[in-house]
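Listing of run_12.pdb; format and content: PDB, C-alpha atoms.
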```
ATOM      1  CA  MET A   1     -58.284   0.739   2.176  1.00  0.00           C
ATOM      2  CA  ASP A   2     -61.092   1.422   4.569  1.00  0.00           C
ATOM      3  CA  PRO A   3     -59.711   1.374   8.127  1.00  0.00           C
ATOM      4  CA  ALA A   4     -62.871  -0.309   9.246  1.00  0.00           C
ATOM      5  CA  ASP A   5     -61.884  -3.409   7.242  1.00  0.00           C
ATOM      6  CA  GLN A   6     -58.723  -3.979   9.269  1.00  0.00           C
ATOM      7  CA  SER A   7     -58.718  -6.571  12.005  1.00  0.00           C
ATOM      8  CA  SER A   8     -57.783  -5.541  15.504  1.00  0.00           C
ATOM      9  CA  ASP A   9     -55.056  -8.243  15.472  1.00  0.00           C
ATOM     10  CA  PRO A  10     -52.145  -7.004  13.316  1.00  0.00           C
ATOM     11  CA  ALA A  11     -50.784 -10.510  12.862  1.00  0.00           C
ATOM     12  CA  GLU A  12     -54.073 -11.713  11.494  1.00  0.00           C
ATOM     13  CA  ALA A  13     -54.346  -8.662   9.272  1.00  0.00           C
ATOM     14  CA  ASP A  14     -50.919  -9.429   7.729  1.00  0.00           C
ATOM     15  CA  HIS A  15     -51.709 -13.147   7.531  1.00  0.00           C
ATOM     16  CA  ILE A  16     -48.633 -14.025   9.543  1.00  0.00           C
ATOM     17  CA  ASP A  17     -48.437 -17.655  10.438  1.00  0.00           C
ATOM     18  CA  GLU A  18     -46.869 -18.171  13.844  1.00  0.00           C
ATOM     19  CA  ALA A  19     -45.094 -21.354  12.840  1.00  0.00           C
ATOM     20  CA  ALA A  20     -43.682 -19.759   9.690  1.00  0.00           C
ATOM     21  CA  LEU A  21     -42.520 -16.729  11.678  1.00  0.00           C
ATOM     22  CA  ALA A  22     -40.786 -18.959  14.196  1.00  0.00           C
ATOM     23  CA  GLU A  23     -39.040 -20.817  11.364  1.00  0.00           C
ATOM     24  CA  VAL A  24     -37.891 -17.566   9.760  1.00  0.00           C
ATOM     25  CA  MET A  25     -36.600 -16.277  13.085  1.00  0.00           C
ATOM     26  CA  ARG A  26     -34.759 -19.558  13.575  1.00  0.00           C
ATOM     27  CA  VAL A  27     -32.846 -19.477  10.268  1.00  0.00           C
ATOM     28  CA  THR A  28     -32.357 -15.709   9.853  1.00  0.00           C
ATOM     29  CA  PRO A  29     -29.063 -15.498  11.820  1.00  0.00           C
ATOM     30  CA  LEU A  30     -27.709 -18.462   9.877  1.00  0.00           C
ATOM     31  CA  GLY A  31     -28.619 -16.903   6.530  1.00  0.00           C
ATOM     32  CA  ALA A  32     -27.118 -13.537   7.489  1.00  0.00           C
ATOM     33  CA  GLY A  33     -23.984 -15.338   8.646  1.00  0.00           C
ATOM     34  CA  VAL A  34     -23.645 -17.230   5.372  1.00  0.00           C
ATOM     35  CA  VAL A  35     -24.073 -14.073   3.245  1.00  0.00           C
ATOM     36  CA  ALA A  36     -21.724 -11.936   5.356  1.00  0.00           C
ATOM     37  CA  GLY A  37     -19.246 -14.808   5.781  1.00  0.00           C
ATOM     38  CA  THR A  38     -19.081 -15.393   2.029  1.00  0.00           C
ATOM     39  CA  ALA A  39     -18.477 -11.685   1.393  1.00  0.00           C
ATOM     40  CA  VAL A  40     -15.697 -11.519   4.001  1.00  0.00           C
ATOM     41  CA  ALA A  41     -14.150 -14.762   2.749  1.00  0.00           C
ATOM     42  CA  LEU A  42     -13.945 -13.324  -0.786  1.00  0.00           C
ATOM     43  CA  LEU A  43     -12.377 -10.149   0.627  1.00  0.00           C
ATOM     44  CA  VAL A  44      -9.768 -12.145   2.564  1.00  0.00           C
ATOM     45  CA  LEU A  45      -8.989 -14.276  -0.501  1.00  0.00           C
ATOM     46  CA  GLY A  46      -8.457 -11.101  -2.557  1.00  0.00           C
ATOM     47  CA  TYR A  47      -6.200  -9.683   0.170  1.00  0.00           C
ATOM     48  CA  LEU A  48      -4.108 -12.862   0.323  1.00  0.00           C
ATOM     49  CA  ALA A  49      -3.876 -13.057  -3.481  1.00  0.00           C
ATOM     50  CA  ILE A  50      -2.571  -9.470  -3.707  1.00  0.00           C
ATOM     51  CA  TYR A  51      -0.223 -10.065  -0.755  1.00  0.00           C
ATOM     52  CA  PHE A  52       1.393 -13.248  -2.090  1.00  0.00           C
ATOM     53  CA  LEU A  53       1.207 -12.640  -5.846  1.00  0.00           C
ATOM     54  CA  VAL A  54       1.900  -8.882  -6.028  1.00  0.00           C
ATOM     55  CA  PHE A  55       3.187  -7.376  -2.769  1.00  0.00           C
ATOM     56  CA  LEU A  56       5.846  -9.902  -1.704  1.00  0.00           C
ATOM     57  CA  PRO A  57       7.363 -10.395  -5.200  1.00  0.00           C
ATOM     58  CA  ARG A  58       7.877  -6.615  -5.424  1.00  0.00           C
ATOM     59  CA  GLY A  59      10.591  -6.946  -2.838  1.00  0.00           C
ATOM     60  CA  THR A  60      12.020  -5.189   0.140  1.00  0.00           C
ATOM     61  CA  VAL A  61      11.436  -1.512   0.940  1.00  0.00           C
ATOM     62  CA  GLY A  62      11.748   0.663   3.974  1.00  0.00           C
TER      63      GLY A  62
ATOM     64  CA  MET B   1     -45.877 -15.961  19.591  1.00  0.00           C
ATOM     65  CA  THR B   2     -45.049 -16.879  23.157  1.00  0.00           C
ATOM     66  CA  ASP B   3     -42.384 -15.189  25.246  1.00  0.00           C
ATOM     67  CA  GLN B   4     -40.137 -18.229  25.368  1.00  0.00           C
ATOM     68  CA  PRO B   5     -39.414 -18.529  21.617  1.00  0.00           C
ATOM     69  CA  VAL B   6     -38.715 -14.797  21.443  1.00  0.00           C
ATOM     70  CA  GLU B   7     -36.145 -15.140  24.211  1.00  0.00           C
ATOM     71  CA  LEU B   8     -34.702 -18.157  22.485  1.00  0.00           C
ATOM     72  CA  HIS B   9     -34.417 -16.295  19.201  1.00  0.00           C
ATOM     73  CA  GLU B  10     -32.825 -13.289  20.837  1.00  0.00           C
ATOM     74  CA  ARG B  11     -30.282 -15.537  22.506  1.00  0.00           C
ATOM     75  CA  ARG B  12     -29.524 -17.178  19.185  1.00  0.00           C
ATOM     76  CA  ILE B  13     -29.104 -13.804  17.451  1.00  0.00           C
ATOM     77  CA  LEU B  14     -26.866 -12.599  20.276  1.00  0.00           C
ATOM     78  CA  GLY B  15     -24.819 -15.760  19.955  1.00  0.00           C
ATOM     79  CA  THR B  16     -24.448 -15.203  16.218  1.00  0.00           C
ATOM     80  CA  GLU B  17     -23.370 -11.609  16.740  1.00  0.00           C
ATOM     81  CA  LEU B  18     -20.806 -12.605  19.355  1.00  0.00           C
ATOM     82  CA  LEU B  19     -19.483 -15.323  17.037  1.00  0.00           C
ATOM     83  CA  TRP B  20     -19.213 -12.753  14.228  1.00  0.00           C
ATOM     84  CA  ALA B  21     -17.440 -10.282  16.517  1.00  0.00           C
ATOM     85  CA  PHE B  22     -14.974 -13.028  17.446  1.00  0.00           C
ATOM     86  CA  GLY B  23     -14.366 -13.787  13.769  1.00  0.00           C
ATOM     87  CA  VAL B  24     -13.767 -10.101  13.013  1.00  0.00           C
ATOM     88  CA  GLY B  25     -11.361  -9.912  15.958  1.00  0.00           C
ATOM     89  CA  VAL B  26      -9.428 -12.901  14.592  1.00  0.00           C
ATOM     90  CA  LEU B  27      -9.231 -11.288  11.141  1.00  0.00           C
ATOM     91  CA  ILE B  28      -7.981  -7.966  12.549  1.00  0.00           C
ATOM     92  CA  ALA B  29      -5.365  -9.788  14.647  1.00  0.00           C
ATOM     93  CA  ALA B  30      -4.306 -11.823  11.603  1.00  0.00           C
ATOM     94  CA  THR B  31      -3.976  -8.685   9.435  1.00  0.00           C
ATOM     95  CA  LEU B  32      -1.862  -6.899  12.057  1.00  0.00           C
ATOM     96  CA  SER B  33       0.263 -10.049  12.465  1.00  0.00           C
ATOM     97  CA  VAL B  34       0.871 -10.186   8.711  1.00  0.00           C
ATOM     98  CA  ILE B  35       2.110  -6.561   8.792  1.00  0.00           C
ATOM     99  CA  VAL B  36       4.432  -7.185  11.743  1.00  0.00           C
ATOM    100  CA  VAL B  37       5.765 -10.537  10.452  1.00  0.00           C
ATOM    101  CA  THR B  38       6.343  -9.049   6.981  1.00  0.00           C
ATOM    102  CA  ALA B  39       8.235  -6.122   8.493  1.00  0.00           C
ATOM    103  CA  LEU B  40      10.410  -8.384  10.656  1.00  0.00           C
ATOM    104  CA  THR B  41      11.106 -11.229   8.216  1.00  0.00           C
ATOM    105  CA  ARG B  42      10.950  -9.608   4.768  1.00  0.00           C
ATOM    106  CA  ASP B  43      12.165  -6.113   5.674  1.00  0.00           C
ATOM    107  CA  ILE B  44       9.150  -4.456   4.045  1.00  0.00           C
ATOM    108  CA  ASN B  45       8.178  -1.293   5.931  1.00  0.00           C
ATOM    109  CA  PRO B  46       6.614   2.038   5.055  1.00  0.00           C
ATOM    110  CA  PRO B  47       9.503   4.411   4.258  1.00  0.00           C
ATOM    111  CA  SER B  48       9.986   6.709   7.208  1.00  0.00           C
ATOM    112  CA  ASN B  49      12.554   9.472   7.267  1.00  0.00           C
ATOM    113  CA  VAL B  50      12.260  12.896   8.849  1.00  0.00           C
ATOM    114  CA  GLU B  51      15.183  14.921   7.566  1.00  0.00           C
ATOM    115  CA  ARG B  52      14.928  18.610   6.842  1.00  0.00           C
ATOM    116  CA  ILE B  53      16.599  20.462   3.989  1.00  0.00           C
ATOM    117  CA  ASP B  54      16.275  24.048   2.774  1.00  0.00           C
ATOM    118  CA  PRO B  55      14.445  23.950  -0.578  1.00  0.00           C
ATOM    119  CA  LYS B  56      15.639  27.473  -1.504  1.00  0.00           C
ATOM    120  CA  THR B  57      19.315  26.502  -1.541  1.00  0.00           C
ATOM    121  CA  LEU B  58      18.883  22.885  -2.607  1.00  0.00           C
ATOM    122  CA  HIS B  59      20.718  23.174  -5.925  1.00  0.00           C
ATOM    123  CA  LEU B  60      23.407  25.630  -4.809  1.00  0.00           C
ATOM    124  CA  SER B  61      25.518  23.487  -2.511  1.00  0.00           C
ATOM    125  CA  GLY B  62      25.486  20.377  -0.431  1.00  0.00           C
ATOM    126  CA  GLU B  63      24.156  16.928  -1.086  1.00  0.00           C
ATOM    127  CA  PHE B  64      21.707  17.812  -3.866  1.00  0.00           C
ATOM    128  CA  ALA B  65      23.988  20.107  -5.877  1.00  0.00           C
ATOM    129  CA  GLU B  66      24.106  19.064  -9.524  1.00  0.00           C
ATOM    130  CA  HIS B  67      27.475  17.308  -9.357  1.00  0.00           C
ATOM    131  CA  ASN B  68      26.192  15.063  -6.544  1.00  0.00           C
ATOM    132  CA  LEU B  69      23.063  13.870  -8.343  1.00  0.00           C
ATOM    133  CA  GLY B  70      22.817  10.351  -9.703  1.00  0.00           C
ATOM    134  CA  THR B  71      24.270   7.080  -8.464  1.00  0.00           C
ATOM    135  CA  THR B  72      27.249   6.919  -6.131  1.00  0.00           C
ATOM    136  CA  VAL B  73      28.999   3.866  -4.738  1.00  0.00           C
ATOM    137  CA  GLY B  74      30.682   4.691  -1.434  1.00  0.00           C
ATOM    138  CA  PRO B  75      34.021   3.302  -0.230  1.00  0.00           C
ATOM    139  CA  ASP B  76      32.066   0.771   1.841  1.00  0.00           C
ATOM    140  CA  GLY B  77      30.184  -0.401  -1.259  1.00  0.00           C
ATOM    141  CA  ARG B  78      26.908   1.256  -0.306  1.00  0.00           C
ATOM    142  CA  VAL B  79      24.920   2.425  -3.326  1.00  0.00           C
ATOM    143  CA  THR B  80      23.141   5.753  -2.978  1.00  0.00           C
ATOM    144  CA  VAL B  81      21.007   7.435  -5.610  1.00  0.00           C
ATOM    145  CA  ARG B  82      20.271  11.145  -5.248  1.00  0.00           C
ATOM    146  CA  ALA B  83      17.734  12.908  -7.427  1.00  0.00           C
ATOM    147  CA  ILE B  84      15.759  16.121  -7.502  1.00  0.00           C
ATOM    148  CA  ALA B  85      12.086  16.169  -8.361  1.00  0.00           C
ATOM    149  CA  THR B  86      11.190  19.490  -9.914  1.00  0.00           C
ATOM    150  CA  GLN B  87       8.467  20.870 -12.164  1.00  0.00           C
ATOM    151  CA  PHE B  88       8.344  18.910 -14.464  1.00  0.00           C
ATOM    152  CA  MET B  89      11.215  16.447 -14.469  1.00  0.00           C
ATOM    153  CA  PHE B  90      13.434  14.290 -12.355  1.00  0.00           C
ATOM    154  CA  VAL B  91      17.142  15.157 -12.367  1.00  0.00           C
ATOM    155  CA  PRO B  92      18.792  12.960 -13.526  1.00  0.00           C
ATOM    156  CA  ARG B  93      16.324  11.497 -15.998  1.00  0.00           C
ATOM    157  CA  CYS B  94      17.892   8.055 -15.747  1.00  0.00           C
ATOM    158  CA  MET B  95      19.252   6.380 -12.622  1.00  0.00           C
ATOM    159  CA  ALA B  96      21.555   3.343 -12.695  1.00  0.00           C
ATOM    160  CA  VAL B  97      21.208   0.806  -9.879  1.00  0.00           C
ATOM    161  CA  PRO B  98      22.642  -2.682  -9.341  1.00  0.00           C
ATOM    162  CA  VAL B  99      20.568  -5.830  -9.171  1.00  0.00           C
ATOM    163  CA  GLY B 100      20.542  -7.773  -5.898  1.00  0.00           C
ATOM    164  CA  ARG B 101      22.291  -5.163  -3.750  1.00  0.00           C
ATOM    165  CA  PRO B 102      20.866  -2.782  -1.131  1.00  0.00           C
ATOM    166  CA  VAL B 103      20.227   0.658  -2.608  1.00  0.00           C
ATOM    167  CA  THR B 104      19.374   3.901  -0.819  1.00  0.00           C
ATOM    168  CA  LEU B 105      17.252   6.334  -2.819  1.00  0.00           C
ATOM    169  CA  ARG B 106      17.212   9.971  -1.687  1.00  0.00           C
ATOM    170  CA  PHE B 107      14.961  12.620  -3.200  1.00  0.00           C
ATOM    171  CA  ALA B 108      14.328  16.305  -2.572  1.00  0.00           C
ATOM    172  CA  THR B 109      12.351  19.033  -4.296  1.00  0.00           C
ATOM    173  CA  PRO B 110      12.862  22.797  -4.567  1.00  0.00           C
ATOM    174  CA  ASP B 111       9.310  23.686  -5.610  1.00  0.00           C
ATOM    175  CA  VAL B 112       6.079  21.807  -4.903  1.00  0.00           C
ATOM    176  CA  ILE B 113       4.968  18.436  -3.549  1.00  0.00           C
ATOM    177  CA  HIS B 114       5.832  15.563  -5.875  1.00  0.00           C
ATOM    178  CA  GLY B 115       5.575  11.816  -5.485  1.00  0.00           C
ATOM    179  CA  LEU B 116       7.143   8.835  -7.155  1.00  0.00           C
ATOM    180  CA  LEU B 117       6.864   5.118  -7.572  1.00  0.00           C
ATOM    181  CA  ILE B 118       9.055   2.648  -9.391  1.00  0.00           C
ATOM    182  CA  THR B 119       7.007   0.203 -11.411  1.00  0.00           C
ATOM    183  CA  GLY B 120       7.168  -3.426 -10.378  1.00  0.00           C
ATOM    184  CA  THR B 121       8.635  -2.614  -6.958  1.00  0.00           C
ATOM    185  CA  ASN B 122       7.283  -1.451  -3.605  1.00  0.00           C
ATOM    186  CA  VAL B 123       9.157   1.875  -3.873  1.00  0.00           C
ATOM    187  CA  ASN B 124       6.539   4.580  -3.417  1.00  0.00           C
ATOM    188  CA  THR B 125       6.996   7.874  -1.594  1.00  0.00           C
ATOM    189  CA  MET B 126       6.029  11.525  -1.504  1.00  0.00           C
ATOM    190  CA  VAL B 127       8.665  14.207  -2.070  1.00  0.00           C
ATOM    191  CA  VAL B 128       7.793  17.233   0.054  1.00  0.00           C
ATOM    192  CA  PRO B 129       9.594  20.607  -0.101  1.00  0.00           C
ATOM    193  CA  GLY B 130      11.777  21.040   2.972  1.00  0.00           C
ATOM    194  CA  PHE B 131      12.308  17.320   3.555  1.00  0.00           C
ATOM    195  CA  VAL B 132      14.478  14.532   2.142  1.00  0.00           C
ATOM    196  CA  ALA B 133      12.494  11.479   1.056  1.00  0.00           C
ATOM    197  CA  GLN B 134      14.577   8.352   1.613  1.00  0.00           C
ATOM    198  CA  VAL B 135      13.763   4.789   0.588  1.00  0.00           C
ATOM    199  CA  HIS B 136      15.865   1.659   1.056  1.00  0.00           C
ATOM    200  CA  THR B 137      15.259  -1.144  -1.404  1.00  0.00           C
ATOM    201  CA  GLU B 138      16.817  -3.962  -3.405  1.00  0.00           C
ATOM    202  CA  PHE B 139      16.074  -4.543  -7.072  1.00  0.00           C
ATOM    203  CA  THR B 140      15.621  -8.192  -7.991  1.00  0.00           C
ATOM    204  CA  ARG B 141      15.578  -8.202 -11.799  1.00  0.00           C
ATOM    205  CA  GLY B 142      17.823  -6.554 -14.357  1.00  0.00           C
ATOM    206  CA  GLU B 143      15.465  -4.401 -16.378  1.00  0.00           C
ATOM    207  CA  SER B 144      14.501  -0.853 -17.203  1.00  0.00           C
ATOM    208  CA  LEU B 145      11.816   0.480 -14.875  1.00  0.00           C
ATOM    209  CA  LEU B 146       9.593   3.510 -15.245  1.00  0.00           C
ATOM    210  CA  MET B 147       9.500   6.049 -12.413  1.00  0.00           C
ATOM    211  CA  PRO B 148       6.630   8.514 -12.892  1.00  0.00           C
ATOM    212  CA  CYS B 149       5.579  11.376 -10.634  1.00  0.00           C
ATOM    213  CA  HIS B 150       2.361  10.240  -8.982  1.00  0.00           C
ATOM    214  CA  GLU B 151       1.384  13.446  -7.173  1.00  0.00           C
ATOM    215  CA  TYR B 152      -0.219  16.121  -9.336  1.00  0.00           C
ATOM    216  CA  CYS B 153       2.351  18.914  -9.437  1.00  0.00           C
ATOM    217  CA  GLY B 154       1.126  21.204 -12.207  1.00  0.00           C
ATOM    218  CA  LEU B 155       0.225  21.292 -15.884  1.00  0.00           C
ATOM    219  CA  GLY B 156       3.283  19.276 -16.925  1.00  0.00           C
ATOM    220  CA  HIS B 157       2.736  16.555 -14.341  1.00  0.00           C
ATOM    221  CA  SER B 158       1.926  13.877 -16.907  1.00  0.00           C
ATOM    222  CA  GLU B 159       5.279  14.486 -18.642  1.00  0.00           C
ATOM    223  CA  MET B 160       7.280  14.054 -15.445  1.00  0.00           C
ATOM    224  CA  TRP B 161       8.930  10.661 -15.324  1.00  0.00           C
ATOM    225  CA  ALA B 162      12.353   9.077 -15.165  1.00  0.00           C
ATOM    226  CA  THR B 163      13.894   5.680 -15.840  1.00  0.00           C
ATOM    227  CA  VAL B 164      15.577   3.363 -13.360  1.00  0.00           C
ATOM    228  CA  GLN B 165      18.111   1.172 -15.120  1.00  0.00           C
ATOM    229  CA  VAL B 166      18.700  -1.993 -13.082  1.00  0.00           C
ATOM    230  CA  MET B 167      22.107  -3.366 -14.100  1.00  0.00           C
ATOM    231  CA  ARG B 168      23.709  -6.747 -13.643  1.00  0.00           C
ATOM    232  CA  ASP B 169      27.050  -6.933 -11.841  1.00  0.00           C
ATOM    233  CA  ASP B 170      29.038  -7.040 -15.080  1.00  0.00           C
ATOM    234  CA  GLN B 171      27.348  -3.814 -16.224  1.00  0.00           C
ATOM    235  CA  PHE B 172      27.362  -1.908 -12.951  1.00  0.00           C
ATOM    236  CA  LYS B 173      30.935  -0.611 -12.905  1.00  0.00           C
ATOM    237  CA  PRO B 174      31.599   2.509 -10.810  1.00  0.00           C
ATOM    238  CA  GLY B 175      34.132   4.979 -12.182  1.00  0.00           C
ATOM    239  CA  PRO B 176      37.160   6.182 -10.222  1.00  0.00           C
ATOM    240  CA  ASP B 177      34.932   8.735  -8.493  1.00  0.00           C
ATOM    241  CA  GLY B 178      32.481   6.004  -7.484  1.00  0.00           C
ATOM    242  CA  ARG B 179      29.800   7.245  -9.828  1.00  0.00           C
ATOM    243  CA  VAL B 180      27.655   5.164 -12.176  1.00  0.00           C
ATOM    244  CA  SER B 181      25.423   6.487 -14.920  1.00  0.00           C
ATOM    245  CA  CYS B 182      23.017   4.915 -17.381  1.00  0.00           C
ATOM    246  CA  ALA B 183      25.322   5.864 -20.274  1.00  0.00           C
ATOM    247  CA  GLN B 184      27.912   3.354 -19.035  1.00  0.00           C
ATOM    248  CA  ARG B 185      25.643   0.452 -19.923  1.00  0.00           C
TER     249      ARG B 185
END
```
Would you give me this structure, written as structure tokens?
Amino acid sequence: MDPADQSSDPAEADHIDEAALAEVMRVTPLGAGVVAGTAVALLVLGYLAIYFLVFLPRGTVG
Amino acid sequence: MTDQPVELHERRILGTELLWAFGVGVLIAATLSVIVVTALTRDINPPSNVERIDPKTLHLSGEFAEHNLGTTVGPDGRVTVRAIATQFMFVPRCMAVPVGRPVTLRFATPDVIHGLLITGTNVNTMVVPGFVAQVHTEFTRGESLLMPCHEYCGLGHSEMWATVQVMRDDQFKPGPDGRVSCAQR
């Protein structure tokens, strides 16, 4: 690309819409929280399943 | 973009991160609580026993001499199993234990580091030369359990295993010397 073609405003050059950017910035933490929360919830469910269904029935040790 | 929305977004992201940190803190506290409550109410703890023994004279005299190996029921009714882990076998190859009674397992080795687990139970320990590995447990079902070496100890490692014979009360009959063996079954 010829550098001379680029606009001096980077936002305009990338065709970033201010309203769309604001919307993305508004929902990004929520989306990250949902993805990470789902992953951790699955991990905790796996931990509890192993604890109650495998570990405890195997009995006392020490 | 104006300065105000940026500040607002940063505050929202900070709030999300703090909320996440709080959630992680709750999970860590819950996990530690599970460990402590399990240890206190179910008597499930990592085996911990620091007891030294000379591996060079292990089989010559004392607790792990050949005539002391296997299952012994003391005068107080306590059941103790003593075994040696050596390249590449456990001595004895079969250990008799009662169902539903506290059992103390004691292991030692004269050569290299071994390890053992008993299938279907939480018994799992290393056997290190120079130390006695001790595990307290209680078997809940009358069955024959496999006890393999789970620490690579040499070329014959995969052939190193023993059997734990869990006996019901009517089968677990100590002899006059307080000893019980698998052959009595």
Chain B near chain A within 10 Å: what's each residue's closest atom pair and its distance in Å to one decimal, counting all atoms listed in the file, ordered by chain then ascending residue number, as a Markdown table?
```
| residue | atom | partner | partner_atom | distance |
| --- | --- | --- | --- | --- |
| B:Met1 | CA | A:Glu18 | CA | 6.2 |
| B:Thr2 | CA | A:Glu18 | CA | 9.6 |
| B:Pro5 | CA | A:Ala22 | CA | 7.6 |
| B:Val6 | CA | A:Ala22 | CA | 8.6 |
| B:Leu8 | CA | A:Arg26 | CA | 9.0 |
| B:His9 | CA | A:Met25 | CA | 6.5 |
| B:Glu10 | CA | A:Met25 | CA | 9.1 |
| B:Arg12 | CA | A:Pro29 | CA | 7.6 |
| B:Ile13 | CA | A:Pro29 | CA | 5.9 |
| B:Leu14 | CA | A:Pro29 | CA | 9.2 |
| B:Gly15 | CA | A:Pro29 | CA | 9.2 |
| B:Thr16 | CA | A:Pro29 | CA | 6.4 |
| B:Glu17 | CA | A:Pro29 | CA | 8.5 |
| B:Leu19 | CA | A:Gly33 | CA | 9.5 |
| B:Trp20 | CA | A:Gly33 | CA | 7.8 |
| B:Gly23 | CA | A:Gly37 | CA | 9.4 |
| B:Val24 | CA | A:Val40 | CA | 9.3 |
| B:Leu27 | CA | A:Val44 | CA | 8.6 |
| B:Thr31 | CA | A:Tyr47 | CA | 9.6 |
| B:Val34 | CA | A:Tyr51 | CA | 9.5 |
| B:Thr38 | CA | A:Leu56 | CA | 8.7 |
| B:Ala39 | CA | A:Gly62 | CA | 8.9 |
| B:Arg42 | CA | A:Thr60 | CA | 6.5 |
| B:Asp43 | CA | A:Thr60 | CA | 5.6 |
| B:Ile44 | CA | A:Val61 | CA | 4.9 |
| B:Asn45 | CA | A:Gly62 | CA | 4.5 |
| B:Pro46 | CA | A:Gly62 | CA | 5.4 |
| B:Pro47 | CA | A:Gly62 | CA | 4.4 |
| B:Ser48 | CA | A:Gly62 | CA | 7.1 |
| B:Asn49 | CA | A:Gly62 | CA | 9.4 |
| B:Pro102 | CA | A:Thr60 | CA | 9.3 |
| B:Val103 | CA | A:Val61 | CA | 9.7 |
| B:Thr104 | CA | A:Gly62 | CA | 9.6 |
| B:Thr119 | CA | A:Arg58 | CA | 9.1 |
| B:Gly120 | CA | A:Arg58 | CA | 5.9 |
| B:Thr121 | CA | A:Arg58 | CA | 4.4 |
| B:Asn122 | CA | A:Arg58 | CA | 5.5 |
| B:Val123 | CA | A:Val61 | CA | 6.3 |
| B:Asn124 | CA | A:Val61 | CA | 8.9 |
| B:Gln134 | CA | A:Gly62 | CA | 8.5 |
| B:Val135 | CA | A:Gly62 | CA | 5.7 |
| B:His136 | CA | A:Gly62 | CA | 5.1 |
| B:Thr137 | CA | A:Val61 | CA | 4.5 |
| B:Glu138 | CA | A:Thr60 | CA | 6.1 |
| B:Phe139 | CA | A:Gly59 | CA | 7.3 |
| B:Thr140 | CA | A:Gly59 | CA | 7.3 |
```
Those residues you just picked out, can you put them in a file as a compact mmCIF listing (two decimals), keeping the file's coordinate frame with C-alpha atoms?
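Final output, out_31.txt:
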```
# COMPACT_ATOMS: atom_id res chain seq x y z
CA MET B 1 -45.88 -15.96 19.59
CA THR B 2 -45.05 -16.88 23.16
CA PRO B 5 -39.41 -18.53 21.62
CA VAL B 6 -38.72 -14.80 21.44
CA LEU B 8 -34.70 -18.16 22.48
CA HIS B 9 -34.42 -16.30 19.20
CA GLU B 10 -32.83 -13.29 20.84
CA ARG B 12 -29.52 -17.18 19.18
CA ILE B 13 -29.10 -13.80 17.45
CA LEU B 14 -26.87 -12.60 20.28
CA GLY B 15 -24.82 -15.76 19.95
CA THR B 16 -24.45 -15.20 16.22
CA GLU B 17 -23.37 -11.61 16.74
CA LEU B 19 -19.48 -15.32 17.04
CA TRP B 20 -19.21 -12.75 14.23
CA GLY B 23 -14.37 -13.79 13.77
CA VAL B 24 -13.77 -10.10 13.01
CA LEU B 27 -9.23 -11.29 11.14
CA THR B 31 -3.98 -8.68 9.44
CA VAL B 34 0.87 -10.19 8.71
CA THR B 38 6.34 -9.05 6.98
CA ALA B 39 8.24 -6.12 8.49
CA ARG B 42 10.95 -9.61 4.77
CA ASP B 43 12.16 -6.11 5.67
CA ILE B 44 9.15 -4.46 4.04
CA ASN B 45 8.18 -1.29 5.93
CA PRO B 46 6.61 2.04 5.06
CA PRO B 47 9.50 4.41 4.26
CA SER B 48 9.99 6.71 7.21
CA ASN B 49 12.55 9.47 7.27
CA PRO B 102 20.87 -2.78 -1.13
CA VAL B 103 20.23 0.66 -2.61
CA THR B 104 19.37 3.90 -0.82
CA THR B 119 7.01 0.20 -11.41
CA GLY B 120 7.17 -3.43 -10.38
CA THR B 121 8.64 -2.61 -6.96
CA ASN B 122 7.28 -1.45 -3.60
CA VAL B 123 9.16 1.88 -3.87
CA ASN B 124 6.54 4.58 -3.42
CA GLN B 134 14.58 8.35 1.61
CA VAL B 135 13.76 4.79 0.59
CA HIS B 136 15.86 1.66 1.06
CA THR B 137 15.26 -1.14 -1.40
CA GLU B 138 16.82 -3.96 -3.40
CA PHE B 139 16.07 -4.54 -7.07
CA THR B 140 15.62 -8.19 -7.99
```
(message) For stretch 51-56 of chain B, find every residue with an atom within 8 Å (counting all atoms listed in the file), except residues of its own chain fewer than 6 positions away, and show them as JSON, numbers by chain.
(response) {"B": [108, 109, 110, 111, 129, 130, 131, 132, 133]}
(request) Please identify all polymer residues within 12 Å of stretch 155-169 of chain B, counting only C-alpha atoms, omitting same-chain residues fewer than 3 positions from it, and present them as a PyMOL selection string. (result) chain B and resi 70-71+81+83-101+103+105+112-121+123+138-152+172-174+180-185
Build an axis-aligned box that encloses every atom of stretch 28-47 of chain A listed in the file, pad it by 4 Å on each side, and report its centre and edge lengths in Å to one decimal, as JSON.
```
{"center_x": -19.3, "center_y": -14.1, "center_z": 4.6, "size_x": 34.2, "size_y": 16.8, "size_z": 22.4}
```
(request) Select, from B:His67, B:Val128, B:Arg106, B:Arg82, the residue with the minimum atom-to-atom distance to B:Asp177, counting all atoms listed in the file. (result)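 The shortest atom-to-atom distance to B:Asp177 comes from B:His67.
Between atom CA of B:Ala65 and atom CA of B:Pro176 the separation is 19.7 Å.
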(request) Could you check how far atom CA of A:Leu53 sits from atom CA of A:Ala41, in Å to one decimal? (result) 17.7 Å
(request) Would you work out the distance separating atom CA of B:Gly178 from atom CA of B:Thr72, expressed in Å to one decimal? (result)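 Answer for the atom CA of B:Gly178 to atom CA of B:Thr72 separation: 5.5 Å.
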